[in-house]
Structure formats: structure tokens, C-alpha cells
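K.L.:
model.csv is the file, holding CSV, C-alpha atoms:
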```csv
chain,number,residue,atom,x,y,z
A,1,MET,CA,11.7,-8.1,6.8
A,2,ARG,CA,8.9,-7.5,4.3
A,3,VAL,CA,7.7,-4.0,4.5
A,4,LEU,CA,4.6,-2.8,2.7
A,5,VAL,CA,5.2,0.9,1.8
A,6,LEU,CA,1.9,2.7,1.1
A,7,GLY,CA,2.6,5.6,-1.2
A,8,GLY,CA,6.0,4.1,-2.1
A,9,ALA,CA,6.2,5.8,-5.5
A,10,GLY,CA,5.9,9.3,-4.0
A,11,TYR,CA,8.5,11.6,-2.7
A,12,LEU,CA,8.9,10.2,0.8
A,13,GLY,CA,8.0,6.7,0.0
A,14,ALA,CA,10.5,6.3,-2.9
A,15,HIS,CA,13.3,7.5,-0.6
A,16,MET,CA,12.1,5.0,2.0
A,17,VAL,CA,12.1,2.1,-0.5
A,18,ARG,CA,15.7,2.8,-1.3
A,19,LEU,CA,16.8,2.9,2.3
A,20,LEU,CA,15.0,-0.4,3.1
A,21,GLN,CA,16.7,-2.0,0.1
A,22,SER,CA,20.1,-0.8,1.3
A,23,GLN,CA,19.4,-2.4,4.7
A,24,GLY,CA,18.5,-5.8,3.2
A,25,ASP,CA,14.8,-5.5,3.8
A,26,GLU,CA,12.1,-6.4,1.2
A,27,PRO,CA,9.9,-3.4,0.4
A,28,ILE,CA,6.6,-3.8,-1.4
A,29,VAL,CA,5.1,-0.7,-3.0
A,30,PHE,CA,1.4,0.1,-2.9
A,31,ASP,CA,0.5,3.3,-4.7
A,32,ASN,CA,-2.3,4.7,-6.8
A,33,PHE,CA,0.1,6.9,-8.8
A,34,SER,CA,-2.0,10.0,-8.3
A,35,SER,CA,1.2,11.9,-7.5
A,36,GLY,CA,3.8,9.1,-7.4
A,37,ARG,CA,5.9,8.2,-10.4
A,38,GLN,CA,6.5,4.7,-11.8
A,39,SER,CA,10.1,5.8,-12.6
A,40,ALA,CA,10.7,6.3,-8.9
A,41,VAL,CA,10.2,2.6,-8.1
A,42,GLY,CA,12.6,-0.1,-9.1
A,43,GLY,CA,13.6,-3.5,-8.1
A,44,CYS,CA,10.7,-4.4,-5.8
A,45,PRO,CA,7.1,-5.6,-6.2
A,46,VAL,CA,4.6,-2.8,-7.1
A,47,ILE,CA,0.9,-3.0,-6.6
A,48,GLU,CA,-1.2,-0.2,-8.3
A,49,GLY,CA,-4.0,0.3,-5.9
A,50,ASP,CA,-5.9,2.7,-3.7
A,51,LEU,CA,-6.6,2.6,0.1
A,52,LEU,CA,-10.2,3.1,-0.8
A,53,ASP,CA,-10.2,-0.1,-2.8
A,54,THR,CA,-10.5,-2.7,-0.1
A,55,MET,CA,-10.4,-5.6,-2.4
A,56,THR,CA,-7.0,-4.7,-3.9
A,57,LEU,CA,-5.6,-4.0,-0.4
A,58,MET,CA,-6.8,-7.4,0.9
A,59,GLU,CA,-5.3,-9.1,-2.2
A,60,CYS,CA,-2.0,-7.4,-1.5
A,61,PHE,CA,-1.9,-8.7,2.1
A,62,GLU,CA,-3.0,-12.1,1.0
A,63,HIS,CA,-0.3,-12.4,-1.7
A,64,HIS,CA,2.7,-10.6,-0.1
A,65,ARG,CA,2.1,-11.2,3.7
A,66,PRO,CA,4.1,-8.2,4.9
A,67,ASP,CA,5.7,-8.1,8.4
A,68,LEU,CA,5.1,-4.4,8.8
A,69,VAL,CA,3.3,-1.5,7.2
A,70,MET,CA,4.6,2.0,6.6
A,71,HIS,CA,1.9,4.5,5.7
A,72,PHE,CA,3.0,7.5,3.5
A,73,ALA,CA,-0.2,7.6,1.5
A,74,ALA,CA,-1.9,10.6,3.1
A,75,TYR,CA,-3.4,13.0,0.6
A,76,GLY,CA,-2.3,16.6,0.1
A,77,ASP,CA,-1.2,19.5,2.3
A,78,ALA,CA,-2.9,22.4,4.1
A,79,PRO,CA,-3.7,24.6,1.0
A,80,SER,CA,-5.0,21.7,-1.2
A,81,SER,CA,-7.1,20.3,1.7
A,82,LEU,CA,-8.8,23.7,2.1
A,83,ARG,CA,-9.8,23.5,-1.6
A,84,GLU,CA,-10.8,19.8,-1.5
A,85,PRO,CA,-11.7,18.7,2.0
A,86,ASP,CA,-13.8,15.9,0.7
A,87,THR,CA,-10.8,14.3,-1.1
A,88,CYS,CA,-8.6,14.8,1.9
A,89,TYR,CA,-10.9,13.3,4.5
A,90,ARG,CA,-12.0,10.5,2.2
A,91,ASN,CA,-8.5,9.3,1.4
A,92,ASN,CA,-6.9,10.0,4.8
A,93,LEU,CA,-9.6,8.8,7.1
A,94,ALA,CA,-11.7,6.3,5.2
A,95,GLY,CA,-8.5,5.0,3.5
A,96,THR,CA,-6.7,4.5,6.8
A,97,MET,CA,-9.8,2.8,8.3
A,98,ASN,CA,-9.7,0.3,5.4
A,99,LEU,CA,-6.0,-0.3,6.1
A,100,LEU,CA,-6.5,-0.9,9.8
A,101,GLY,CA,-9.4,-3.2,9.1
A,102,ALA,CA,-7.4,-5.3,6.7
A,103,MET,CA,-4.4,-5.4,9.1
A,104,HIS,CA,-6.8,-6.6,11.8
A,105,GLN,CA,-8.2,-9.3,9.6
A,106,PHE,CA,-4.8,-10.6,8.6
A,107,GLY,CA,-3.3,-10.4,12.1
A,108,LEU,CA,-0.7,-7.8,11.1
A,109,ARG,CA,0.2,-5.9,14.2
A,110,ARG,CA,3.0,-3.4,13.3
A,111,LEU,CA,2.4,0.0,11.7
A,112,ILE,CA,4.4,3.2,11.2
A,113,PHE,CA,2.3,6.2,10.1
A,114,SER,CA,4.1,9.2,8.6
A,115,SER,CA,2.1,12.1,10.2
A,116,SER,CA,2.8,15.8,10.2
A,117,ALA,CA,3.5,18.9,12.2
A,118,ALA,CA,0.3,20.2,10.8
A,119,VAL,CA,-1.5,18.6,13.8
A,120,TYR,CA,-0.2,21.4,16.0
A,121,GLY,CA,-1.7,24.3,14.2
A,122,ALA,CA,-0.2,27.5,15.5
A,123,PRO,CA,1.4,26.7,18.9
A,124,ASP,CA,2.0,29.2,21.6
A,125,ALA,CA,5.6,28.3,22.3
A,126,GLU,CA,8.6,26.8,20.6
A,127,PRO,CA,10.3,24.5,20.2
A,128,ILE,CA,7.3,22.2,20.0
A,129,ASP,CA,7.3,19.0,21.9
A,130,GLU,CA,4.7,16.2,21.8
A,131,THR,CA,2.8,17.6,24.8
A,132,ALA,CA,1.9,20.8,22.9
A,133,ALA,CA,-1.8,21.5,22.2
A,134,THR,CA,-3.0,20.1,18.9
A,135,VAL,CA,-5.3,22.6,17.2
A,136,PRO,CA,-4.9,22.1,13.5
A,137,LEU,CA,-5.6,25.0,11.1
A,138,SER,CA,-6.7,22.9,8.0
A,139,PRO,CA,-8.6,19.8,7.0
A,140,TYR,CA,-5.2,18.2,6.3
A,141,GLY,CA,-4.0,18.7,9.9
A,142,ARG,CA,-7.3,17.6,11.3
A,143,ALA,CA,-7.3,14.5,9.2
A,144,GLN,CA,-3.7,13.7,10.3
A,145,LEU,CA,-4.6,14.1,13.9
A,146,SER,CA,-7.8,12.0,13.6
A,147,THR,CA,-5.8,9.3,11.8
A,148,GLU,CA,-3.4,9.2,14.8
A,149,GLU,CA,-6.3,8.8,17.2
A,150,MET,CA,-7.8,6.1,15.0
A,151,ILE,CA,-4.5,4.2,15.0
A,152,ALA,CA,-4.2,4.5,18.8
A,153,ASP,CA,-7.7,3.1,19.2
A,154,TYR,CA,-7.0,0.1,16.9
A,155,ALA,CA,-3.7,-0.5,18.6
A,156,SER,CA,-5.2,-0.6,22.1
A,157,ALA,CA,-8.2,-2.8,21.1
A,158,TYR,CA,-6.4,-5.3,18.9
A,159,GLY,CA,-2.9,-5.6,20.4
A,160,MET,CA,-1.1,-3.6,17.7
A,161,ARG,CA,2.2,-1.7,18.0
A,162,ALA,CA,2.1,1.6,16.2
A,163,LEU,CA,4.2,4.7,15.8
A,164,CYS,CA,3.0,8.0,14.4
A,165,LEU,CA,6.0,10.1,13.3
A,166,ARG,CA,5.2,13.8,13.0
A,167,GLY,CA,7.5,15.1,10.3
A,168,PHE,CA,8.1,18.8,10.1
A,169,THR,CA,9.0,20.4,6.7
A,170,VAL,CA,10.5,17.6,4.7
A,171,ALA,CA,12.9,18.7,1.9
A,172,GLY,CA,16.1,17.8,0.0
A,173,ALA,CA,16.8,14.7,-2.1
A,174,ASP,CA,18.8,11.5,-2.0
A,175,ALA,CA,22.5,12.0,-2.3
A,176,ALA,CA,22.7,9.6,-5.2
A,177,GLY,CA,20.3,11.8,-7.2
A,178,ASP,CA,18.0,8.8,-8.0
A,179,VAL,CA,14.9,10.3,-6.4
A,180,GLY,CA,13.8,13.7,-5.3
A,181,PRO,CA,10.8,16.1,-5.0
A,182,ALA,CA,8.4,16.5,-7.9
A,183,THR,CA,9.9,18.8,-10.4
A,184,ALA,CA,6.6,20.5,-10.8
A,185,ALA,CA,7.0,23.1,-8.0
A,186,GLY,CA,3.7,22.6,-6.3
A,187,THR,CA,3.4,24.1,-2.8
A,188,GLN,CA,6.7,23.1,-1.3
A,189,LEU,CA,9.0,26.0,-0.8
A,190,VAL,CA,12.5,24.6,-1.6
A,191,PRO,CA,11.4,23.1,-5.0
A,192,ARG,CA,9.6,26.4,-5.9
A,193,VAL,CA,12.7,28.5,-5.0
A,194,LEU,CA,15.0,26.3,-7.0
A,195,GLN,CA,12.7,25.9,-9.9
A,196,ALA,CA,12.5,29.7,-10.1
A,197,ALA,CA,16.3,29.8,-10.2
A,198,ILE,CA,16.4,27.3,-13.2
A,199,ALA,CA,13.6,28.7,-15.3
A,200,PRO,CA,11.4,31.4,-13.8
A,201,ALA,CA,7.8,31.1,-14.9
A,202,GLY,CA,6.5,34.4,-13.6
A,203,GLU,CA,7.8,35.8,-10.4
A,204,LEU,CA,8.1,33.5,-7.4
A,205,GLN,CA,5.6,34.2,-4.7
A,206,LEU,CA,6.7,34.1,-1.0
A,207,PHE,CA,3.6,33.9,1.1
A,208,GLY,CA,3.4,36.1,4.2
A,209,GLY,CA,5.4,39.2,4.8
A,210,GLU,CA,3.4,40.2,7.9
A,211,PHE,CA,3.9,37.2,10.2
A,212,PRO,CA,5.2,38.0,13.7
A,213,THR,CA,8.6,36.6,12.9
A,214,ARG,CA,12.1,38.2,12.5
A,215,ASP,CA,11.5,39.1,8.8
A,216,GLY,CA,7.7,38.8,8.5
A,217,PHE,CA,7.9,35.5,6.6
A,218,ALA,CA,6.8,32.1,8.0
A,219,VAL,CA,9.5,30.1,9.8
A,220,ARG,CA,9.8,26.3,9.3
A,221,ASP,CA,11.9,23.5,10.6
A,222,PHE,CA,13.3,21.8,7.5
A,223,ILE,CA,14.3,18.1,7.8
A,224,HIS,CA,16.1,16.3,5.1
A,225,VAL,CA,14.1,13.5,3.6
A,226,SER,CA,17.0,11.0,4.2
A,227,ASP,CA,16.9,11.9,7.9
A,228,LEU,CA,13.2,11.4,8.0
A,229,CYS,CA,13.5,8.0,6.4
A,230,GLN,CA,16.3,6.9,8.7
A,231,ALA,CA,13.9,7.7,11.6
A,232,HIS,CA,11.3,5.5,10.1
A,233,ARG,CA,13.8,2.6,9.7
A,234,LEU,CA,14.9,2.9,13.3
A,235,ALA,CA,11.2,3.0,14.2
A,236,CYS,CA,10.9,-0.6,12.8
A,237,ASP,CA,13.3,-1.8,15.5
A,238,HIS,CA,11.6,0.3,18.2
A,239,LEU,CA,8.3,-1.3,17.5
A,240,GLU,CA,9.7,-4.6,18.7
A,241,ARG,CA,10.5,-3.1,22.1
A,242,MET,CA,7.0,-1.7,22.5
A,243,PRO,CA,4.3,-3.7,24.4
A,244,PRO,CA,1.4,-5.0,22.4
A,245,GLY,CA,-1.6,-2.6,22.4
A,246,SER,CA,0.6,0.5,22.5
A,247,SER,CA,1.2,3.5,20.3
A,248,GLU,CA,3.5,6.5,20.4
A,249,ARG,CA,3.8,9.9,18.7
A,250,LEU,CA,7.2,11.4,17.9
A,251,ASN,CA,8.3,14.7,16.4
A,252,LEU,CA,10.9,14.6,13.6
A,253,GLY,CA,12.7,17.9,12.9
A,254,SER,CA,16.1,19.5,12.9
A,255,GLY,CA,15.3,22.0,15.7
A,256,MET,CA,16.4,24.9,13.5
A,257,GLY,CA,14.0,27.4,12.0
A,258,HIS,CA,14.5,29.2,8.7
A,259,SER,CA,12.1,31.7,7.2
A,260,ALA,CA,11.0,31.5,3.6
A,261,LEU,CA,13.0,34.6,2.8
A,262,GLU,CA,16.1,33.1,4.5
A,263,VAL,CA,15.8,30.0,2.4
A,264,LEU,CA,15.6,32.1,-0.8
A,265,ARG,CA,18.6,34.3,0.2
A,266,ARG,CA,20.7,31.2,1.0
A,267,ALA,CA,19.8,29.6,-2.3
A,268,GLU,CA,20.9,32.8,-4.1
A,269,GLN,CA,24.3,32.7,-2.3
A,270,LEU,CA,24.8,29.0,-3.0
A,271,LEU,CA,23.8,29.3,-6.7
A,272,ASP,CA,25.4,32.7,-7.2
A,273,ARG,CA,22.3,34.1,-8.9
A,274,GLU,CA,19.4,36.4,-8.1
A,275,ILE,CA,16.0,34.8,-7.6
A,276,PRO,CA,13.3,37.4,-8.1
A,277,TYR,CA,10.2,37.1,-5.9
A,278,GLU,CA,7.1,39.0,-4.9
A,279,THR,CA,5.4,38.9,-1.5
A,280,ALA,CA,1.9,37.3,-1.6
A,281,THR,CA,-0.8,37.3,1.0
A,282,ALA,CA,-0.4,34.6,3.6
A,283,ARG,CA,-2.4,31.4,2.8
A,284,ALA,CA,-5.2,30.2,5.0
A,285,GLY,CA,-3.9,27.3,7.2
A,286,ASP,CA,-0.3,28.6,7.4
A,287,ALA,CA,1.2,29.0,10.9
A,288,ALA,CA,3.7,31.7,11.6
A,289,SER,CA,6.4,29.4,12.9
A,290,LEU,CA,6.8,25.6,13.5
A,291,VAL,CA,10.1,24.4,15.0
A,292,ALA,CA,10.4,20.9,16.6
A,293,ASP,CA,11.7,19.6,19.8
A,294,SER,CA,12.7,16.1,18.7
A,295,SER,CA,14.4,15.0,21.9
A,296,ARG,CA,11.8,12.2,22.4
A,297,ALA,CA,12.7,10.7,19.0
A,298,ARG,CA,16.4,10.9,19.9
A,299,GLU,CA,15.7,9.1,23.2
A,300,ARG,CA,13.3,6.4,21.9
A,301,LEU,CA,14.9,5.7,18.5
A,302,GLY,CA,18.5,6.7,18.9
A,303,TRP,CA,18.0,9.1,15.9
A,304,GLU,CA,19.8,12.3,15.0
A,305,SER,CA,19.0,14.7,12.1
A,306,SER,CA,22.5,14.6,10.7
A,307,ARG,CA,21.8,15.7,7.2
A,308,SER,CA,19.3,18.5,7.8
A,309,SER,CA,21.4,21.7,7.5
A,310,LEU,CA,19.8,24.2,5.1
A,311,ASP,CA,22.8,24.0,2.8
A,312,ASN,CA,22.7,20.3,2.5
A,313,ILE,CA,18.9,20.4,1.8
A,314,LEU,CA,19.4,23.0,-0.9
A,315,VAL,CA,22.4,21.4,-2.5
A,316,THR,CA,20.9,17.9,-2.7
A,317,ALA,CA,17.5,19.3,-4.0
A,318,TRP,CA,19.4,21.3,-6.6
A,319,ALA,CA,21.4,18.3,-7.8
A,320,TRP,CA,18.2,16.3,-8.2
A,321,LEU,CA,16.5,19.1,-10.2
A,322,GLN,CA,19.6,19.3,-12.5
A,323,ASN,CA,19.7,15.5,-12.9
A,324,ALA,CA,16.0,15.5,-13.7
A,325,ALA,CA,16.4,18.2,-16.3
A,326,ALA,CA,19.3,16.3,-17.9
A,327,ARG,CA,17.3,13.1,-18.1
A,328,ARG,CA,14.4,14.9,-19.7
A,329,ALA,CA,16.8,16.5,-22.3
A,330,SER,CA,18.4,13.1,-23.0
A,331,SER,CA,15.0,11.4,-23.5
A,332,ALA,CA,13.9,14.2,-25.9
A,333,THR,CA,16.9,13.6,-28.2
```
Starting from the file, lay out its structure as C-alpha cells.
P.N.:
Amino acid sequence: MRVLVLGGAGYLGAHMVRLLQSQGDEPIVFDNFSSGRQSAVGGCPVIEGDLLDTMTLMECFEHHRPDLVMHFAAYGDAPSSLREPDTCYRNNLAGTMNLLGAMHQFGLRRLIFSSSAAVYGAPDAEPIDETAATVPLSPYGRAQLSTEEMIADYASAYGMRALCLRGFTVAGADAAGDVGPATAAGTQLVPRVLQAAIAPAGELQLFGGEFPTRDGFAVRDFIHVSDLCQAHRLACDHLERMPPGSSERLNLGSGMGHSALEVLRRAEQLLDREIPYETATARAGDAASLVADSSRARERLGWESSRSSLDNILVTAWAWLQNAAARRASSAT
């Protein structure tokens, strides 16, 4: 099976490419390398392109003729989308519209979209299932939800089969240590905590402190990136069982919630070192708690989140950061 992986050089996409290769599939990477890394991609065709560049996208379809598309090329997260809504909406909505138009023109009818728990906003009850109200708190969440609606409309009108997989807080790294989260800490909690344990650059900020949670810090459902990718691979088979013109939305999470402070404390225990932090004002667009009910994904896909314990997430992410640091040191000598 030839699978076009949009955003295949990024954190999620690079893990997906390796899983597809291990299953005997033929991944094709399409990435603009705005955040992805060339070093994360190996052994498969790579097209440097942007979803806003319709010509390059059409040439990719014409040349490679994929059987299925996986879409990991959404821009940003809640904080960055609040700063740059134009970039978020342009890439995520206009880019996906270009993709769907190209798929329609080439008669490609199978799509898996990597969506986000950000579509839910701040739900009233947990765990969150797919019937929960969707009231996003940020342009990113609104763009993801609008993309899901767009995909459903195209599927219904043009006989496509589509799955939108709502990942909760993705973290961790491949067990082989080949790929992992960006070593620049960014906004993701686990890399920020572990980076602070390696080389503190000023005191680590934990946002919140006044949420209505057990310790005042935001609670998230962390899912290991390998579990997330396994669900996407199983989704390929599930698409074949779906009737033409249909789409589904499924949650992907572990069902376990950990606060930001709990993540830091567990990292301290595992690494046997103190990680200093300071409490910072909660960011706009942050919900107090997001914990998934993924029973529909288990039922539809036959999927389980078998690698998503907090310890495994921290240990694999730590191994990746150590390996990355060793590679940088080796290349500098």
C-alpha cells in the first residue's frame, strides 16, 4: 500500500513513516520542512512541498499515485494559533481544501486526518467521548474542527472514506531512539521538563496553579506517539470496512490524566534529580482537564493504548533526548 504522509518529516509523521515501513507499506513523505527535519526521513521518497502549493501537490499525486493519504500537516498548537491565527487558518483550512480538491480530481477516496482533542475546548464532564460538545478555545481547535467538517462534506459528496482521529496529548519517542520530539522545548510539556533536567536555561515554567484540579495545574491525557501511530495504521484497514461516502471521528487517548506538576515530579523520581520550576499564569486557550474515553476506537479499530504509561513516555523521551545530544556532540568533533 502506497501511503502519502503529509507532514512526514515532523514528530508524528516521522514515527508514522517508520511504522508503515515496518509493516511492508510504501510511505511517501510530503513536507515543507517548516518544523520537520530532513534527518528524520530515510529510505522513502520525499517531496518538499506545501499544501498551499497546489501545483506541487498535484505533481505528487500524478507521479506517485498513492492509495491512501495520512494528514499530519496541521499547523501549530493553541498558544501559537492565538499569536498567528492567519497562519493557522491559512495552512489548516486552505491547505486541506487544496488537498481534498486534488484527491477528488485524482479519484483518491481514502483519507486519515490526525485531528486533536483541542476541538472539545473545556468540556463539562470526563472522560470525554465523541458525543461531547465541541467548543474550541483557540484558532487551532476551531481550525481542526472546521477541517473535520470539511472532510465529512467532501466524503459525503464524492464517495470518500475518511477517519478523523482526535489525538489527546501526544508524547514519548520511538523505542529504537531513531526519532522523537523536537529537542527545542517549544510548548510541549514532556520535552520542556526533560530539557530542563538536562540543561536548565532559566527556570522551567509550569502554566496554571489555579485550575480547579487536584493540585491546581492542568491535567492532560498523555498518549505515547507509537500508540497513536498504531491507531492510524489500524485505521487504514478500518477504512476498507466503511461504506463509500462516510466519515468517522475517534478519540485516541490513554484514559489516564496527569497534571503538569505530577509529570515533573515523576520525572524527578525517574531521573533522580531535582527539576526547579516556577508557576506561570495559565495561557489563553488552555483547558483545565482533558481526559479521553477511547472506547469507540477500541471497538472500531481493535486498538489499545499499550505503551502510554507516564513512565514509558518519560523514559522513551529521555532516551531520545540523550541520543540526540550524543549525536550533536559526535558531529561537533
K.L.:
Can you work out the spacing between atom CA of Arg266 of chain A and atom CA of Ala176 of chain A in Å, to one decimal?
P.N.:
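Separating atom CA of Arg266 of chain A from atom CA of Ala176 of chain A is a distance of 22.6 Å.
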K.L.:
So that I can check the surroundings of Ser146 of chain A, please list as a list in words every protein, DNA and RNA residue that reaches within 12 Å of it, counting all atoms listed in the file and ignoring chain neighbours fewer than 6 positions away.
P.N.:
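Returned residues: Tyr89, Asn92, Leu93, Ala94, Thr96, Met97, Ser115, Ser116, Ala118, Val119, Thr134, Val135, Pro136, Pro139, Tyr140, Ala152, Asp153 and Cys164 of chain A.
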K.L.:
Leaving out segment 295-310 of chain A and any residue of its chain fewer than 6 positions from it, which residues lie within 9 Å of it when counting only C-alpha atoms, given as a PyMOL selection string?
P.N.:
chain A and resi 129-130+165+171-172+222-228+230-231+234-235+237-238+249-256+258+263+266
K.L.:
Quick one, how far is atom CA of Ser138 of chain A from atom CA of Ala74 of chain A?
P.N.:
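Here the two named atoms are 14.1 Å from each other.
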K.L.:
Mind pulling up the distance from atom CA of Thr279 of chain A to atom CA of Val193 of chain A?
P.N.:
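If I compute the distance from atom CA of Val193 of chain A to atom CA of Thr279 of chain A, I get 13.2 Å.
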K.L.:
Out of A:Ala196, A:Ala319, A:Leu270, A:Leu57, which residue has the shortest atom-to-atom distance to Phe106 of chain A when counting all atoms listed in the file?
P.N.:
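That would be A:Leu57, the residue with the smallest distance to Phe106 of chain A.
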K.L.:
I'd like to know which of A:Tyr277, A:Ala218, A:Leu19, A:Ala117 is closest to Ala175 of chain A, using all atoms listed in the file.
P.N.:
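Ranked by minimum distance to Ala175 of chain A, first place goes to A:Leu19.
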K.L.:
Rank A:Ile275, A:Cys236, A:Glu149, A:Arg166 by their smallest atom-to-atom distance to Leu20 of chain A, using only C-alpha atoms, and report the top residue only.
P.N.:
A:Cys236
K.L.:
Between A:Asn98, A:Thr281, A:Gln195, A:Thr169, which residue has the minimum interatomic distance to Thr54 of chain A, considering all atoms listed in the file?
P.N.:
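Comparing A:Asn98, A:Thr281, A:Gln195, A:Thr169 against Thr54 of chain A, the winner is A:Asn98.
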